$ cat query-v3.cif   # mmCIF, C-alpha atoms
data_target
loop_
_atom_site.label_atom_id
_atom_site.label_comp_id
_atom_site.auth_asym_id
_atom_site.auth_seq_id
_atom_site.Cartn_x
_atom_site.Cartn_y
_atom_site.Cartn_z
CA ARG A 1 131.48 -13.19 -4.55
CA TYR A 2 128.27 -13.90 -2.62
CA GLU A 3 130.25 -14.48 0.57
CA THR A 4 132.07 -11.17 0.13
CA GLU A 5 128.82 -9.28 -0.36
CA SER A 6 127.25 -11.13 2.55
CA GLY A 7 130.20 -10.18 4.74
CA LEU A 8 129.98 -6.55 3.63
CA ARG A 9 126.25 -6.54 4.30
CA GLN A 10 126.82 -7.89 7.81
CA ASN A 11 129.48 -5.24 8.41
CA VAL A 12 127.13 -2.48 7.27
CA GLU A 13 124.33 -3.85 9.44
CA ALA A 14 126.70 -4.02 12.40
CA ASP A 15 127.74 -0.42 11.76
CA LEU A 16 124.11 0.66 11.59
CA ASN A 17 123.31 -1.20 14.80
CA SER A 18 126.29 0.39 16.54
CA LEU A 19 125.16 3.87 15.44
CA LYS A 20 121.59 3.48 16.72
CA PRO A 21 122.56 3.77 20.43
CA LEU A 22 124.63 6.85 19.58
CA LEU A 23 121.64 8.43 17.86
CA ASP A 24 119.44 7.55 20.84
CA SER A 25 121.99 9.04 23.22
CA LEU A 26 122.23 12.22 21.18
CA THR A 27 118.46 12.51 21.02
CA LEU A 28 118.24 12.17 24.81
CA SER A 29 121.01 14.72 25.26
CA ARG A 30 119.25 17.15 22.98
CA SER A 31 115.92 16.78 24.78
CA ASP A 32 117.70 17.24 28.12
CA LEU A 33 119.35 20.41 26.86
CA GLU A 34 116.05 21.69 25.52
CA MET A 35 114.44 21.10 28.93
CA GLN A 36 117.31 22.92 30.64
CA PHE A 37 116.91 25.78 28.18
CA GLU A 38 113.17 26.00 28.89
CA SER A 39 113.73 25.95 32.66
CA LEU A 40 116.30 28.74 32.32
CA LYS A 41 113.83 30.76 30.25
CA GLU A 42 111.18 30.24 32.94
CA LEU A 43 113.66 31.22 35.64
CA MET A 44 114.49 34.40 33.74
CA ILE A 45 110.80 35.24 33.36
CA ASP A 46 110.25 34.67 37.09
CA LEU A 47 113.27 36.82 37.95
CA LYS A 48 111.99 39.60 35.70
CA LYS A 49 108.52 39.43 37.27
CA ASN A 50 109.95 39.53 40.78
CA HIS A 51 112.20 42.42 39.87
CA GLU A 52 109.33 44.38 38.32
CA GLU A 53 107.16 43.76 41.39
CA GLU A 54 109.94 44.88 43.71
CA MET A 55 110.56 47.99 41.61
CA LYS A 56 106.84 48.87 41.61
CA GLU A 57 106.70 48.34 45.34
CA LEU A 58 109.76 50.51 45.91
CA GLN A 59 108.42 53.21 43.61
CA SER A 60 105.03 53.21 45.32
CA HIS A 61 106.75 53.58 48.68
CA SER A 62 108.99 56.36 47.44
CA SER A 63 106.19 58.31 45.71
CA GLY A 64 103.97 58.48 48.79
CA GLU A 65 104.34 61.57 50.94
CA VAL A 66 104.04 61.56 54.70
CA SER A 67 103.87 64.67 56.80
CA VAL A 68 104.75 64.32 60.47
CA LYS A 69 105.09 67.13 62.98
CA MET A 70 107.06 66.45 66.08
CA ASN A 71 107.85 68.42 69.15
CA ALA A 72 111.39 67.19 69.42
CA ALA A 73 114.80 68.69 69.16
CA PRO A 74 116.01 68.88 65.56
CA GLY A 75 118.22 65.92 64.78
CA GLU A 76 120.02 64.69 61.74
CA ASP A 77 118.60 65.38 58.32
CA LEU A 78 116.53 62.22 57.87
CA LEU A 79 115.62 63.04 54.29
CA LYS A 80 119.30 63.16 53.39
CA LYS A 81 119.91 59.83 55.13
CA LEU A 82 116.95 58.23 53.38
CA ASN A 83 118.13 59.47 49.99
CA GLU A 84 121.61 58.10 50.69
CA MET A 85 120.14 54.74 51.66
CA ARG A 86 117.94 54.72 48.55
CA GLN A 87 120.93 55.45 46.32
CA GLU A 88 122.91 52.71 48.03
CA TYR A 89 120.12 50.16 47.55
CA GLU A 90 119.54 51.22 43.94
CA GLY A 91 123.26 50.69 43.31
CA ILE A 92 123.02 47.22 44.84
CA ILE A 93 119.96 46.46 42.71
CA GLN A 94 121.73 47.55 39.53
CA LYS A 95 124.78 45.50 40.44
CA ASN A 96 122.64 42.41 41.15
CA ARG A 97 120.69 42.90 37.94
CA ALA A 98 123.92 43.13 35.93
CA GLU A 99 125.28 39.99 37.61
CA VAL A 100 122.07 38.04 36.96
CA GLU A 101 121.97 39.18 33.33
CA LYS A 102 125.62 38.24 32.86
CA TRP A 103 125.02 34.83 34.45
CA TYR A 104 121.91 34.30 32.32
CA GLU A 105 123.73 35.32 29.12
CA GLY A 106 126.54 32.89 29.97
CA LYS A 107 124.11 30.05 30.63
CA MET A 108 122.18 30.80 27.44
CA GLU A 109 125.41 30.81 25.43
CA GLU A 110 126.49 27.54 27.04
CA VAL A 111 123.15 25.86 26.36
CA SER A 112 123.08 27.25 22.83
CA GLN A 113 126.53 25.85 22.15
CA GLN A 114 125.55 22.47 23.56
CA VAL A 115 122.40 22.39 21.43
CA HIS A 116 124.40 23.42 18.37
CA SER A 117 127.03 20.76 19.07
CA SER A 118 124.38 18.09 19.57
CA GLY A 119 122.69 19.15 16.35
CA GLN A 120 125.95 18.84 14.46
CA GLU A 121 126.59 15.41 15.96
CA ILE A 122 123.10 14.28 14.99
CA GLN A 123 123.56 15.63 11.47
CA SER A 124 126.90 13.87 11.17
CA SER A 125 125.37 10.62 12.42
CA ASN A 126 122.50 10.97 9.96
CA GLN A 127 124.96 11.51 7.12
CA GLN A 128 126.91 8.42 8.16
CA ILE A 129 123.71 6.40 8.31
CA SER A 130 122.70 7.64 4.84
CA GLU A 131 126.12 6.76 3.45
CA LEU A 132 125.96 3.31 4.99
CA ARG A 133 122.46 2.77 3.61
CA ARG A 134 123.60 3.78 0.13
CA GLU A 135 126.56 1.46 0.42
CA PHE A 136 124.31 -1.28 1.70
CA GLN A 137 121.85 -0.78 -1.16
CA SER A 138 124.63 -0.78 -3.72
CA LEU A 139 125.92 -4.02 -2.23
CA GLU A 140 122.47 -5.60 -2.42
CA ILE A 141 122.34 -4.91 -6.15
#
$ encode --input "query-v3.cif" --output "structure tokens"
Amino acid sequence: RYETESGLRQNVEADLNSLKPLLDSLTLSRSDLEMQFESLKELMIDLKKNHEEEMKELQSHSSGEVSVKMNAAPGEDLLKKLNEMRQEYEGIIQKNRAEVEKWYEGKMEEVSQQVHSSGQEIQSSNQQISELRREFQSLEI
């Protein structure tokens, strides 16, 4: 009987020792994912700041009025051309903003899923460790 319990104890200890590297690996993966998440958050903040600065700059340029009198033959309607160019660039800005937001949302979802998956794996490993400890303790008795 002692030999059986000793063998079971060794098996449980071996199982525990084999689960420790997995737990370490999962912990490293989780910290890596958390760092990636933080860097993506910082990137998003930087992108928002840059966008706001560009928008303020564009608005300050568009709100200023300039009056120029020239003694030249009337040409094309420059105001119309400028408005067309502004609309074109605003369309490009909106498109780029939508693309960046879509990319960011996708990355956030991906990172969130990875963090969730890692959390579940860690929880499962912890449950296995607890079960093995209980089994080990019951075998010691």
$ resolve_selection --input "query-v3.cif" --expression "the PyMOL selection byres ((chain A and resi 103-116) around 10)" --output "list in words"
Ser29, Arg30, Ser31, Asp32, Leu33, Glu34, Gln36, Phe37, Leu40, Lys41, Leu43, Met44, Arg97, Ala98, Glu99, Val100, Glu101, Lys102, Ser117, Ser118, Gly119, Gln120, Glu121 and Ile122 of chain A
$ atom_distance --input "query-v3.cif" --atom1 "atom CA of Asn17 of chain A" --atom2 "atom CA of Phe136 of chain A"
13.1 Å
$ atom_distance --input "query-v3.cif" --atom1 "atom CA of Gln87 of chain A" --atom2 "atom CA of Glu53 of chain A"
18.7 Å
$ atom_distance --input "query-v3.cif" --atom1 "atom CA of Asn11 of chain A" --atom2 "atom CA of Ser25 of chain A"
21.9 Å
$ residues_near_point --input "query-v3.cif" --point "(123.8, 7.2, 10.6)" --cutoff "10 Å" --atoms "all atoms listed in the file" --output "list in words"
Asp15, Leu16, Asn17, Ser18, Leu19, Lys20, Leu22, Leu23, Ile122, Gln123, Ser124, Ser125, Asn126, Gln127, Gln128, Ile129, Ser130, Glu131, Leu132 and Arg133 of chain A
$ closest_residue --input "query-v3.cif" --among "A:Leu79, A:Leu26, A:Met35, A:Ile93" --to "Leu58 of chain A" --atoms "all atoms listed in the file"
A:Ile93
$ axis_aligned_box --input "query-v3.cif" --around "segment 13-19 of chain A" --padding-each-side "6 Å" --output "JSON"
{"center_x": 125.5, "center_y": -0.1, "center_z": 13.0, "size_x": 16.4, "size_y": 19.9, "size_z": 19.1}
$ residues_near_point --input "query-v3.cif" --point "(124.8, -3.6, 4.6)" --cutoff "9 Å" --atoms "all atoms listed in the file" --output "short mmCIF file (atom, residue, chain, number, x, y, z; two decimals) with C-alpha atoms, keeping the file's coordinate frame"
data_model
loop_
_atom_site.label_atom_id
_atom_site.label_comp_id
_atom_site.auth_asym_id
_atom_site.auth_seq_id
_atom_site.Cartn_x
_atom_site.Cartn_y
_atom_site.Cartn_z
CA GLU A 5 128.82 -9.28 -0.36
CA SER A 6 127.25 -11.13 2.55
CA GLY A 7 130.20 -10.18 4.74
CA LEU A 8 129.98 -6.55 3.63
CA ARG A 9 126.25 -6.54 4.30
CA GLN A 10 126.82 -7.89 7.81
CA ASN A 11 129.48 -5.24 8.41
CA VAL A 12 127.13 -2.48 7.27
CA GLU A 13 124.33 -3.85 9.44
CA ALA A 14 126.70 -4.02 12.40
CA ASP A 15 127.74 -0.42 11.76
CA LEU A 16 124.11 0.66 11.59
CA LEU A 132 125.96 3.31 4.99
CA ARG A 133 122.46 2.77 3.61
CA ARG A 134 123.60 3.78 0.13
CA GLU A 135 126.56 1.46 0.42
CA PHE A 136 124.31 -1.28 1.70
CA GLN A 137 121.85 -0.78 -1.16
CA SER A 138 124.63 -0.78 -3.72
CA LEU A 139 125.92 -4.02 -2.23
CA GLU A 140 122.47 -5.60 -2.42
#
